[in-house]
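Text of structure_20.pdb (PDB, C-alpha atoms) as supplied:
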ATOM      1  CA  MET A 177      81.585 131.502  83.663
ATOM      2  CA  ILE A 178      81.855 131.695  87.434
ATOM      3  CA  LEU A 179      81.529 127.919  87.694
ATOM      4  CA  LEU A 180      84.719 127.395  85.696
ATOM      5  CA  GLY A 181      86.595 130.357  87.148
ATOM      6  CA  VAL A 182      86.210 129.272  90.781
ATOM      7  CA  PRO A 183      87.849 125.800  90.564
ATOM      8  CA  VAL A 184      90.528 127.081  88.184
ATOM      9  CA  LEU A 185      91.395 129.924  90.555
ATOM     10  CA  ALA A 186      91.401 127.380  93.397
ATOM     11  CA  GLY A 187      93.862 125.302  91.365
ATOM     12  CA  ALA A 188      96.037 128.375  90.841
ATOM     13  CA  LEU A 189      95.987 129.139  94.573
ATOM     14  CA  LEU A 190      96.938 125.534  95.322
ATOM     15  CA  LEU A 191      99.875 125.854  92.917
ATOM     16  CA  VAL A 192     101.057 129.017  94.661
ATOM     17  CA  VAL A 193     100.747 127.387  98.105
ATOM     18  CA  ALA A 194     102.535 124.246  96.856
ATOM     19  CA  GLY A 195     105.269 126.423  95.339
ATOM     20  CA  LEU A 196     105.791 128.273  98.626
ATOM     21  CA  GLU A 197     105.829 125.022 100.614
ATOM     22  CA  HIS A 198     108.258 123.350  98.227
ATOM     23  CA  LEU A 199     110.494 126.416  98.169
ATOM     24  CA  ARG A 200     110.611 126.438 101.978
ATOM     25  CA  ASP A 201     111.246 122.693 102.244
ATOM     26  CA  PRO A 202     112.613 121.351  98.939
ATOM     27  CA  VAL A 203     114.002 118.246 100.681
ATOM     28  CA  ALA A 204     110.469 116.955 101.342
ATOM     29  CA  LEU A 205     109.577 117.200  97.644
ATOM     30  CA  SER A 206     112.885 115.685  96.533
ATOM     31  CA  ARG A 207     112.307 112.732  98.876
ATOM     32  CA  ALA A 208     108.685 112.281  97.792
ATOM     33  CA  ALA A 209     109.295 112.511  94.044
ATOM     34  CA  GLY A 210     112.754 110.910  94.027
ATOM     35  CA  ILE A 211     114.459 113.967  92.501
ATOM     36  CA  SER A 212     117.388 116.180  93.489
ATOM     37  CA  THR A 213     116.908 119.160  95.798
ATOM     38  CA  LEU A 214     117.888 121.490  92.962
ATOM     39  CA  THR A 215     115.155 120.062  90.739
ATOM     40  CA  ALA A 216     112.706 120.383  93.637
ATOM     41  CA  ARG A 217     113.566 124.080  93.946
ATOM     42  CA  GLY A 218     113.100 124.449  90.178
ATOM     43  CA  ILE A 219     109.677 122.819  90.356
ATOM     44  CA  ALA A 220     108.709 125.128  93.226
ATOM     45  CA  LEU A 221     109.668 128.170  91.139
ATOM     46  CA  VAL A 222     107.728 126.871  88.134
ATOM     47  CA  GLU A 223     104.676 126.338  90.360
ATOM     48  CA  LEU A 224     104.887 129.949  91.534
ATOM     49  CA  LEU A 225     105.557 131.309  88.047
ATOM     50  CA  ILE A 226     102.508 129.502  86.670
ATOM     51  CA  GLY A 227     100.154 129.762  89.644
ATOM     52  CA  ALA A 228     100.393 133.524  90.154
ATOM     53  CA  PRO A 229      99.695 134.599  86.521
ATOM     54  CA  SER A 230      97.005 131.942  86.280
ATOM     55  CA  ALA A 231      95.224 133.503  89.253
ATOM     56  CA  VAL A 232      95.531 136.930  87.642
ATOM     57  CA  ALA A 233      94.181 135.484  84.383
ATOM     58  CA  VAL A 234      91.001 134.333  86.112
ATOM     59  CA  LEU A 235      90.547 137.503  88.154
ATOM     60  CA  VAL A 236      91.395 140.086  85.481
ATOM     61  CA  GLY A 237      90.680 138.154  82.281
ATOM     62  CA  MET A 238      93.773 139.278  80.325
ATOM     63  CA  PRO A 239      93.896 137.357  77.025
ATOM     64  CA  GLU A 240      97.714 137.539  77.138
ATOM     65  CA  LEU A 241      97.708 135.224  80.160
ATOM     66  CA  ARG A 242      95.966 132.314  78.430
ATOM     67  CA  TRP A 243      99.352 130.518  78.394
ATOM     68  CA  ALA A 244      99.331 130.443  82.225
ATOM     69  CA  LEU A 245      96.032 128.537  82.279
ATOM     70  CA  ALA A 246      97.320 126.060  79.687
ATOM     71  CA  ALA A 247     100.556 125.654  81.659
ATOM     72  CA  GLN A 248      98.539 125.074  84.815
ATOM     73  CA  GLY A 249      96.631 122.332  82.999
ATOM     74  CA  LEU A 250      99.922 120.804  81.868
ATOM     75  CA  ILE A 251     101.485 120.826  85.325
ATOM     76  CA  TYR A 252      98.414 119.166  86.880
ATOM     77  CA  LEU A 253      98.286 116.636  84.029
ATOM     78  CA  ALA A 254     101.967 115.780  84.548
ATOM     79  CA  PHE A 255     101.360 115.421  88.297
ATOM     80  CA  ALA A 256      98.313 113.193  87.724
ATOM     81  CA  VAL A 257     100.311 110.896  85.406
ATOM     82  CA  HIS A 258     103.242 110.852  87.866
ATOM     83  CA  LEU A 259     100.929 109.836  90.733
ATOM     84  CA  LEU A 260      99.126 107.256  88.601
ATOM     85  CA  LEU A 261     102.413 105.579  87.657
ATOM     86  CA  ARG A 262     103.555 105.514  91.272
ATOM     87  CA  ARG A 263     100.243 104.024  92.383
ATOM     88  CA  ARG A 264     100.472 101.312  89.693
ATOM     89  CA  ARG A 265     103.889 100.396  91.148
ATOM     90  CA  GLY A 266     102.203  99.956  94.534
ATOM     91  CA  ASP A 267     103.968 102.997  95.979
ATOM     92  CA  GLN A 268     102.393 103.950  99.349
ATOM     93  CA  SER A 269     104.817 106.751 100.167
ATOM     94  CA  ASP A 270     104.323 110.528 100.338
ATOM     95  CA  CYS A 271     102.673 111.868  97.170
ATOM     96  CA  GLY A 272     104.250 115.308  97.598
ATOM     97  CA  CYS A 273     100.772 116.881  97.300
ATOM     98  CA  ASN A 274     101.461 119.103 100.300
ATOM     99  CA  ARG A 275     103.308 118.988 103.600
ATOM    100  CA  MET A 276     100.659 116.784 105.257
ATOM    101  CA  GLY A 277     102.575 113.623 104.303
ATOM    102  CA  THR A 278      99.754 112.108 102.268
ATOM    103  CA  ARG A 279     100.007 108.659 100.694
ATOM    104  CA  VAL A 280      99.743 108.253  96.900
ATOM    105  CA  GLY A 281      96.074 107.407  96.325
ATOM    106  CA  PRO A 282      92.862 108.048  94.404
ATOM    107  CA  GLY A 283      92.119 111.335  96.206
ATOM    108  CA  GLY A 284      95.318 113.031  95.038
ATOM    109  CA  ILE A 285      95.082 111.545  91.548
ATOM    110  CA  ALA A 286      91.425 112.543  91.040
ATOM    111  CA  ARG A 287      92.186 116.065  92.264
ATOM    112  CA  ALA A 288      95.041 116.452  89.792
ATOM    113  CA  TRP A 289      92.978 115.084  86.864
ATOM    114  CA  LEU A 290      90.029 117.334  87.673
ATOM    115  CA  LEU A 291      92.159 120.467  87.949
ATOM    116  CA  ALA A 292      94.027 119.596  84.736
ATOM    117  CA  ILE A 293      90.792 119.192  82.761
ATOM    118  CA  LEU A 294      89.246 122.379  84.173
ATOM    119  CA  SER A 295      92.425 124.380  83.556
ATOM    120  CA  PHE A 296      92.560 123.259  79.916
ATOM    121  CA  ALA A 297      88.880 124.119  79.530
ATOM    122  CA  ALA A 298      89.499 127.569  81.010
ATOM    123  CA  ALA A 299      92.469 128.101  78.667
ATOM    124  CA  ALA A 300      90.323 127.154  75.691
ATOM    125  CA  LEU A 301      87.479 129.467  76.721
ATOM    126  CA  HIS A 302      89.633 132.337  78.021
ATOM    127  CA  PRO A 303      88.823 135.167  78.621
ATOM    128  CA  ALA A 304      85.234 133.910  78.969
ATOM    129  CA  ALA A 305      86.344 131.860  81.997
ATOM    130  CA  ALA A 306      87.462 135.008  83.839
ATOM    131  CA  ALA A 307      85.444 136.434  86.711
ATOM    132  CA  PRO A 308      82.601 138.675  85.453
ATOM    133  CA  ALA A 309      82.745 142.369  86.263
ATOM    134  CA  GLY A 310      81.120 143.679  89.432
ATOM    135  CA  VAL A 311      81.806 143.419  93.142
ATOM    136  CA  GLY A 312      79.361 140.549  93.742
ATOM    137  CA  PRO A 313      80.681 138.138  91.112
ATOM    138  CA  VAL A 314      84.330 138.896  91.908
ATOM    139  CA  ALA A 315      83.696 138.422  95.635
ATOM    140  CA  LEU A 316      81.968 135.113  94.903
ATOM    141  CA  VAL A 317      84.854 133.920  92.746
ATOM    142  CA  VAL A 318      87.490 134.938  95.314
ATOM    143  CA  VAL A 319      85.684 133.581  98.393
ATOM    144  CA  GLY A 320      84.463 130.463  96.577
ATOM    145  CA  SER A 321      87.905 129.648  95.240
ATOM    146  CA  ALA A 322      89.505 130.201  98.665
ATOM    147  CA  VAL A 323      87.023 127.780 100.265
ATOM    148  CA  LEU A 324      87.427 125.262  97.453
ATOM    149  CA  ALA A 325      91.222 125.524  97.590
ATOM    150  CA  THR A 326      91.153 124.797 101.334
ATOM    151  CA  LEU A 327      88.957 121.747 100.754
ATOM    152  CA  LEU A 328      91.090 120.524  97.864
ATOM    153  CA  TYR A 329      94.253 121.046  99.930
ATOM    154  CA  ALA A 330      93.006 118.665 102.617
ATOM    155  CA  LEU A 331      91.169 116.230 100.322
ATOM    156  CA  PRO A 332      94.088 113.858  99.514
ATOM    157  CA  ALA A 333      94.984 113.512 103.197
ATOM    158  CA  ALA A 334      91.350 112.864 104.133
ATOM    159  CA  VAL A 335      90.701 110.327 101.384
ATOM    160  CA  ASP A 336      94.062 108.581 101.025
ATOM    161  CA  GLY A 337      95.482 108.763 104.539
ATOM    162  CA  ARG A 338      99.055 109.106 105.731
ATOM    163  CA  ALA A 339     102.047 107.827 103.830
ATOM    164  CA  THR A 340     103.372 104.533 105.085
ATOM    165  CA  GLY A 341     106.756 104.207 103.393
ATOM    166  CA  THR A 342     109.411 105.987 101.424
ATOM    167  CA  THR A 343     110.281 105.953  97.764
TER     168      THR A 343
ATOM    169  CA  MET B 151      73.772 131.770  84.660
ATOM    170  CA  SER B 152      73.042 134.203  87.459
ATOM    171  CA  VAL B 153      75.450 134.802  90.330
ATOM    172  CA  LEU B 154      72.976 133.268  92.772
ATOM    173  CA  THR B 155      72.631 130.066  90.749
ATOM    174  CA  ALA B 156      76.411 129.807  90.436
ATOM    175  CA  ALA B 157      76.785 130.293  94.201
ATOM    176  CA  VAL B 158      74.256 127.521  94.898
ATOM    177  CA  VAL B 159      75.928 125.101  92.480
ATOM    178  CA  LEU B 160      79.345 125.860  94.003
ATOM    179  CA  ALA B 161      77.983 125.345  97.507
ATOM    180  CA  TRP B 162      76.674 121.920  96.502
ATOM    181  CA  GLY B 163      80.060 121.099  94.990
ATOM    182  CA  CYS B 164      81.781 122.049  98.247
ATOM    183  CA  LEU B 165      79.287 119.945 100.217
ATOM    184  CA  ALA B 166      80.022 116.953  98.006
ATOM    185  CA  LEU B 167      83.758 117.425  98.604
ATOM    186  CA  LEU B 168      83.151 117.689 102.346
ATOM    187  CA  ALA B 169      81.121 114.475 102.313
ATOM    188  CA  LEU B 170      83.916 112.719 100.412
ATOM    189  CA  ALA B 171      86.511 113.960 102.872
ATOM    190  CA  MET B 172      84.333 112.943 105.835
ATOM    191  CA  ALA B 173      83.874 109.435 104.434
ATOM    192  CA  GLY B 174      87.638 109.124 104.012
ATOM    193  CA  MET B 175      88.305 110.348 107.535
ATOM    194  CA  LEU B 176      85.747 107.945 109.017
ATOM    195  CA  ARG B 177      87.426 105.052 107.210
ATOM    196  CA  GLN B 178      90.794 106.136 108.606
ATOM    197  CA  LEU B 179      89.270 106.481 112.062
ATOM    198  CA  ARG B 180      87.944 102.905 111.941
ATOM    199  CA  GLU B 181      91.376 101.623 110.872
ATOM    200  CA  LEU B 182      92.966 103.580 113.697
ATOM    201  CA  GLN B 183      90.487 102.232 116.260
ATOM    202  CA  ALA B 184      91.203  98.674 115.164
ATOM    203  CA  ASP B 185      94.964  99.297 115.407
ATOM    204  CA  VAL B 186      94.607 100.855 118.851
ATOM    205  CA  ALA B 187      92.465  97.939 120.041
ATOM    206  CA  GLN B 188      95.178  95.511 119.010
ATOM    207  CA  LEU B 189      97.939  97.627 120.537
ATOM    208  CA  SER B 190      96.125  98.115 123.802
ATOM    209  CA  ALA B 191      95.491  94.399 124.224
ATOM    210  CA  PRO B 192      98.378  93.306 126.413
ATOM    211  CA  ALA B 193     100.359  90.304 125.272
ATOM    212  CA  TRP B 194      99.134  87.406 127.362
ATOM    213  CA  HIS B 195     101.250  84.358 128.044
ATOM    214  CA  GLY B 196      99.426  83.020 131.112
ATOM    215  CA  SER B 197      98.533  79.586 129.793
ATOM    216  CA  THR B 198     100.540  79.615 126.573
ATOM    217  CA  GLY B 199     102.492  76.408 126.218
ATOM    218  CA  ARG B 200     100.538  74.735 129.042
ATOM    219  CA  ARG B 201      98.745  71.468 128.313
ATOM    220  CA  VAL B 202      95.073  71.515 129.321
ATOM    221  CA  ALA B 203      93.519  68.056 129.141
ATOM    222  CA  GLY B 204      90.037  69.477 128.526
ATOM    223  CA  LEU B 205      91.173  71.039 125.243
ATOM    224  CA  ALA B 206      92.696  67.920 123.683
ATOM    225  CA  GLY B 207      90.974  66.305 120.711
ATOM    226  CA  LYS B 208      91.194  65.401 117.061
ATOM    227  CA  GLY B 209      92.663  68.361 115.165
ATOM    228  CA  PRO B 210      93.580  71.841 116.404
ATOM    229  CA  LEU B 211      90.997  73.671 118.487
ATOM    230  CA  MET B 212      89.720  77.210 117.994
ATOM    231  CA  LEU B 213      87.900  78.037 121.204
ATOM    232  CA  LEU B 214      85.630  81.050 121.690
ATOM    233  CA  VAL B 215      85.421  81.891 125.378
ATOM    234  CA  LEU B 216      82.343  83.890 126.384
ATOM    235  CA  ASP B 217      81.275  85.544 129.583
ATOM    236  CA  PRO B 218      77.723  86.462 130.674
ATOM    237  CA  GLY B 219      78.870  89.944 131.667
ATOM    238  CA  CYS B 220      80.551  90.938 128.410
ATOM    239  CA  SER B 221      78.899  93.487 126.169
ATOM    240  CA  PHE B 222      79.095  91.890 122.728
ATOM    241  CA  CYS B 223      79.549  88.176 123.415
ATOM    242  CA  ALA B 224      76.096  87.463 121.979
ATOM    243  CA  THR B 225      76.940  89.061 118.635
ATOM    244  CA  VAL B 226      80.181  87.071 118.286
ATOM    245  CA  HIS B 227      78.614  83.621 118.610
ATOM    246  CA  GLU B 228      76.880  83.444 115.212
ATOM    247  CA  PRO B 229      79.797  84.660 113.029
ATOM    248  CA  PHE B 230      82.082  82.285 114.940
ATOM    249  CA  THR B 231      79.738  79.359 114.225
ATOM    250  CA  ARG B 232      79.690  80.285 110.543
ATOM    251  CA  LEU B 233      83.508  80.193 110.422
ATOM    252  CA  ALA B 234      83.555  76.497 111.310
ATOM    253  CA  GLY B 235      82.626  75.673 107.702
ATOM    254  CA  GLU B 236      85.521  77.701 106.336
ATOM    255  CA  HIS B 237      88.199  75.841 108.335
ATOM    256  CA  PRO B 238      87.223  72.164 108.069
ATOM    257  CA  GLY B 239      90.423  70.797 109.664
ATOM    258  CA  THR B 240      89.918  72.759 112.867
ATOM    259  CA  ARG B 241      87.551  72.067 115.759
ATOM    260  CA  PHE B 242      85.437  75.090 116.619
ATOM    261  CA  GLU B 243      84.047  75.156 120.167
ATOM    262  CA  VAL B 244      82.372  77.722 122.377
ATOM    263  CA  LEU B 245      83.098  77.783 126.092
ATOM    264  CA  SER B 246      81.234  79.739 128.729
ATOM    265  CA  PRO B 247      81.224  79.551 132.520
ATOM    266  CA  HIS B 248      77.439  79.527 132.815
ATOM    267  CA  ASP B 249      74.562  78.389 130.656
ATOM    268  CA  GLN B 250      73.613  81.468 128.643
ATOM    269  CA  GLY B 251      70.428  80.073 127.139
ATOM    270  CA  ALA B 252      69.716  79.215 123.525
ATOM    271  CA  ARG B 253      72.225  80.538 121.012
ATOM    272  CA  THR B 254      71.550  81.177 117.369
ATOM    273  CA  GLY B 255      73.435  78.464 115.562
ATOM    274  CA  VAL B 256      74.063  78.186 111.857
ATOM    275  CA  PRO B 257      72.537  75.092 110.245
ATOM    276  CA  GLY B 258      75.111  72.739 108.791
ATOM    277  CA  HIS B 259      77.944  73.874 111.081
ATOM    278  CA  ASP B 260      78.636  71.558 113.974
ATOM    279  CA  VAL B 261      80.071  73.708 116.748
ATOM    280  CA  ARG B 262      80.242  72.206 120.204
ATOM    281  CA  SER B 263      79.074  74.432 123.038
ATOM    282  CA  ARG B 264      80.502  73.748 126.478
ATOM    283  CA  VAL B 265      79.548  75.110 129.872
ATOM    284  CA  ASP B 266      82.483  74.560 132.197
ATOM    285  CA  GLN B 267      83.144  77.017 135.002
ATOM    286  CA  GLU B 268      86.191  75.069 136.153
ATOM    287  CA  LEU B 269      87.848  75.142 132.716
ATOM    288  CA  VAL B 270      87.183  78.863 132.309
ATOM    289  CA  THR B 271      88.771  79.513 135.704
ATOM    290  CA  ASP B 272      91.673  77.224 134.848
ATOM    291  CA  LEU B 273      92.386  79.073 131.579
ATOM    292  CA  ASP B 274      92.212  82.422 133.404
ATOM    293  CA  LEU B 275      91.828  84.527 130.251
ATOM    294  CA  PRO B 276      91.921  88.288 130.952
ATOM    295  CA  TRP B 277      89.385  89.132 128.196
ATOM    296  CA  ALA B 278      85.865  88.217 127.124
ATOM    297  CA  PRO B 279      85.067  87.320 124.458
ATOM    298  CA  ALA B 280      88.413  85.710 123.699
ATOM    299  CA  LEU B 281      89.801  83.329 121.108
ATOM    300  CA  LEU B 282      92.134  80.544 122.125
ATOM    301  CA  LEU B 283      94.008  78.180 119.837
ATOM    302  CA  ALA B 284      95.163  74.786 121.113
ATOM    303  CA  ASP B 285      96.748  71.800 119.401
ATOM    304  CA  THR B 286      95.550  68.197 119.343
ATOM    305  CA  GLU B 287      97.141  67.435 122.709
ATOM    306  CA  GLY B 288      95.442  70.399 124.356
ATOM    307  CA  THR B 289      98.540  72.607 124.509
ATOM    308  CA  VAL B 290      97.528  76.274 124.417
ATOM    309  CA  LEU B 291      99.281  77.890 121.437
ATOM    310  CA  THR B 292      97.911  81.410 121.575
ATOM    311  CA  ALA B 293      95.006  83.515 122.862
ATOM    312  CA  GLN B 294      93.634  86.909 121.879
ATOM    313  CA  PRO B 295      90.693  89.158 122.713
ATOM    314  CA  VAL B 296      88.006  89.366 120.012
ATOM    315  CA  VAL B 297      88.426  92.798 118.420
ATOM    316  CA  SER B 298      84.981  93.011 116.823
ATOM    317  CA  PRO B 299      82.384  90.620 115.360
ATOM    318  CA  THR B 300      82.978  91.985 111.848
ATOM    319  CA  ARG B 301      86.738  91.362 112.041
ATOM    320  CA  LEU B 302      86.354  87.872 113.508
ATOM    321  CA  PRO B 303      86.984  85.978 110.212
ATOM    322  CA  GLU B 304      90.312  87.708 109.562
ATOM    323  CA  GLN B 305      91.326  87.374 113.225
ATOM    324  CA  VAL B 306      90.670  83.620 113.240
ATOM    325  CA  ALA B 307      92.417  83.198 109.884
ATOM    326  CA  GLY B 308      95.353  85.252 111.176
ATOM    327  CA  MET B 309      95.729  83.092 114.297
ATOM    328  CA  LEU B 310      95.596  79.869 112.287
ATOM    329  CA  ASP B 311      98.035  81.224 109.649
ATOM    330  CA  ALA B 312     100.463  82.448 112.323
ATOM    331  CA  GLN B 313     100.435  79.014 113.873
ATOM    332  CA  VAL B 314     101.078  77.315 110.528
ATOM    333  CA  HIS B 315     103.997  79.697 109.883
ATOM    334  CA  ALA B 316     105.370  79.154 113.401
ATOM    335  CA  ARG B 317     105.269  75.389 112.878
ATOM    336  CA  GLY B 318     106.949  75.808 109.480
ATOM    337  CA  ALA B 319     109.697  77.890 111.079
ATOM    338  CA  GLY B 320     110.152  75.324 113.813
ATOM    339  CA  VAL B 321     108.997  77.629 116.627
TER     340      VAL B 321
END

Can the structure from this file be put into structure tokens for me?
Amino acid sequence: MILLGVPVLAGALLLVVAGLEHLRDPVALSRAAGISTLTARGIALVELLIGAPSAVAVLVGMPELRWALAAQGLIYLAFAVHLLLRRRRGDQSDCGCNRMGTRVGPGGIARAWLLAILSFAAAALHPAAAAPAGVGPVALVVVGSAVLATLLYALPAAVDGRATGTT
Amino acid sequence: MSVLTAAVVLAWGCLALLALAMAGMLRQLRELQADVAQLSAPAWHGSTGRRVAGLAGKGPLMLLVLDPGCSFCATVHEPFTRLAGEHPGTRFEVLSPHDQGARTGVPGHDVRSRVDQELVTDLDLPWAPALLLADTEGTVLTAQPVVSPTRLPEQVAGMLDAQVHARGAGV
């Protein structure tokens, strides 16, 4: 199930990167999401604590880590709903997707929905969604997910553009 | 599914994402270009507020000023003519310093074309093509360069709206 493992691992990598960014600059997330800095730090920790085991779950295929994939689906689902509600309010400010200062828009929302659905699917099929054994398949999953994560990182900024206001 | 097939499918997925991102960036680039064009156009007040007898008439005047040397004057004429039907209370006229031959008009839209070197010189507009708005007495209210033929409808509507708001505010 390389096709499922690659985007799910990319989603896990994005969570880890987002966690590191939010941990380094919690003020940006607190401003974007309208929460306290302490809550922003908490969210950053949760992102790291879910993203890292989720990546291991895809790479190693440990059945004990199925919860991480389900939690990853939940966190992306919550983010998708959060962005959707903000967009319905006409909010054009920073979505908090990453430090690029991207506006709330269809790119960020579609990315979150897609990763939520794929993560839930991977949790349901785990460990079948893990990378198959062998150097070739593992290399494909790692390289493919790194490329996909880079594309998905920049996608909201490319599609939705820069934020124009504040919350 | 073999590793090779999976790699090909993933590559296509990445290409689709790249295309999506490129389309988004091109849209942002076009918005940016339009913003820059408006910013770079210097505010012009040369004839603003001055009464020009040749512009007086029944109803406000939206004047398109062309120049034989400008690069896209020819493409602006037809969309401008079409706009006359959308703003029935406003006179739409085209002014050029020299006769530029037959223009493609739009049937049903009566747009007066004038060739008047003296008037063009008198108005002394720094751009071509340019839009100029004057009131019934021929007083020049505002003038702007035409940003692009495709954005002409919103530019004309914006100038007319701004003037209505300015009148409402007593400016």

Pick out the residues sitting within 12 Å of Ala330 in chain A, and hand them over as a PyMOL selection string; count only C-alpha atoms, and ignore anything fewer than 4 positions along from it in its own chain. (chain A and resi 190+273-278+283-284+287+323-326+334-338) or (chain B and resi 167-168+170-172+174-175)

Could you spell out the hits of the ChimeraX specification (/B :<12) & /A on the shown file, as number ranges by chain? A: 177-183, 281-284, 286-287, 307-338

Between B:Gly219, B:Pro295, B:Pro303, B:Gly288, which one has atoms that come closest to Val202 in chain B, using all atoms listed in the file? B:Gly288

Would you mind reading off the distance between CA of Trp277 in chain B and CA of Gln294 in chain B, one decimal, in Å? 7.9 Å

Picked residues, the PyMOL selection byres ((chain A and resi 220-237) around 10), expected as a ChimeraX atom specification: /A:178,180-182,184-202,205,214-219,238-249,251,295,298-299,302-309,314,317-318

Can you measure CA of Val290 in chain B to CA of Gly204 in chain B for me? One decimal in Å is fine.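 Calculated distance between CA of Val290 in chain B and CA of Gly204 in chain B is 10.9 Å.
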
Within 7 Å of Phe242 in chain B, counting all atoms listed in the file, which residues show up once you throw out same-chain ones fewer than 5 positions away? Write them as a PyMOL selection string, please. chain B and resi 211-213+234+261-262

What would the selection look like, as JSON, numbers by chain, if the PyMOL selection byres ((chain B and resi 301) around 12) were run on the coordinates I just shared? {"B": [180, 181, 184, 185, 187, 188, 226, 229, 230, 233, 295, 296, 297, 298, 299, 300, 302, 303, 304, 305, 306, 307, 308]}

Serialized selection, C-alpha atoms, as a JSON list (two decimals), keeping the file's coordinate frame:
[["chain", "number", "residue", "atom", "x", "y", "z"],
["B", 180, "ARG", "CA", 87.94, 102.90, 111.94],
["B", 181, "GLU", "CA", 91.38, 101.62, 110.87],
["B", 184, "ALA", "CA", 91.20, 98.67, 115.16],
["B", 185, "ASP", "CA", 94.96, 99.30, 115.41],
["B", 187, "ALA", "CA", 92.46, 97.94, 120.04],
["B", 188, "GLN", "CA", 95.18, 95.51, 119.01],
["B", 226, "VAL", "CA", 80.18, 87.07, 118.29],
["B", 229, "PRO", "CA", 79.80, 84.66, 113.03],
["B", 230, "PHE", "CA", 82.08, 82.28, 114.94],
["B", 233, "LEU", "CA", 83.51, 80.19, 110.42],
["B", 295, "PRO", "CA", 90.69, 89.16, 122.71],
["B", 296, "VAL", "CA", 88.01, 89.37, 120.01],
["B", 297, "VAL", "CA", 88.43, 92.80, 118.42],
["B", 298, "SER", "CA", 84.98, 93.01, 116.82],
["B", 299, "PRO", "CA", 82.38, 90.62, 115.36],
["B", 300, "THR", "CA", 82.98, 91.98, 111.85],
["B", 302, "LEU", "CA", 86.35, 87.87, 113.51],
["B", 303, "PRO", "CA", 86.98, 85.98, 110.21],
["B", 304, "GLU", "CA", 90.31, 87.71, 109.56],
["B", 305, "GLN", "CA", 91.33, 87.37, 113.22],
["B", 306, "VAL", "CA", 90.67, 83.62, 113.24],
["B", 307, "ALA", "CA", 92.42, 83.20, 109.88],
["B", 308, "GLY", "CA", 95.35, 85.25, 111.18]]

For the atom pair CA of Ala254 in chain A and CA of Trp162 in chain B, what is the interatomic distance in Å to one decimal place? 28.6 Å

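Closest approach to Met309 in chain B among B:Thr231, B:Ser263, B:Ser246, B:Thr240: B:Thr240, based on only C-alpha atoms.
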
What are the centre and edge lengths in Å, to one decimal, of the axis-aligned box around all listed atoms of range 158-177 of chain B with 8 Å added on each side, as AutoDock Vina command-line options?
--center_x 81.3 --center_y 116.3 --center_z 100.7 --size_x 30.0 --size_y 38.5 --size_z 32.5

Considering all atoms listed in the file, return as number ranges by chain whatever protein or nucleic-acid residues lie within 7 Å of range 264-274 of chain B, sequence-local ones (same chain, fewer than 6 positions apart) excluded. B: 197, 244-249

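Using all atoms listed in the file, the shortest contact distance between Leu282 in chain B and any of B:Phe222, B:Thr198, B:His227, B:Arg232 is found at B:Thr198.
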
Pick out the closest residue to Gly272 in chain A from this set: A:Leu291, A:Phe255, A:Leu260, A:Leu250. Count all atoms listed in the file. A:Phe255
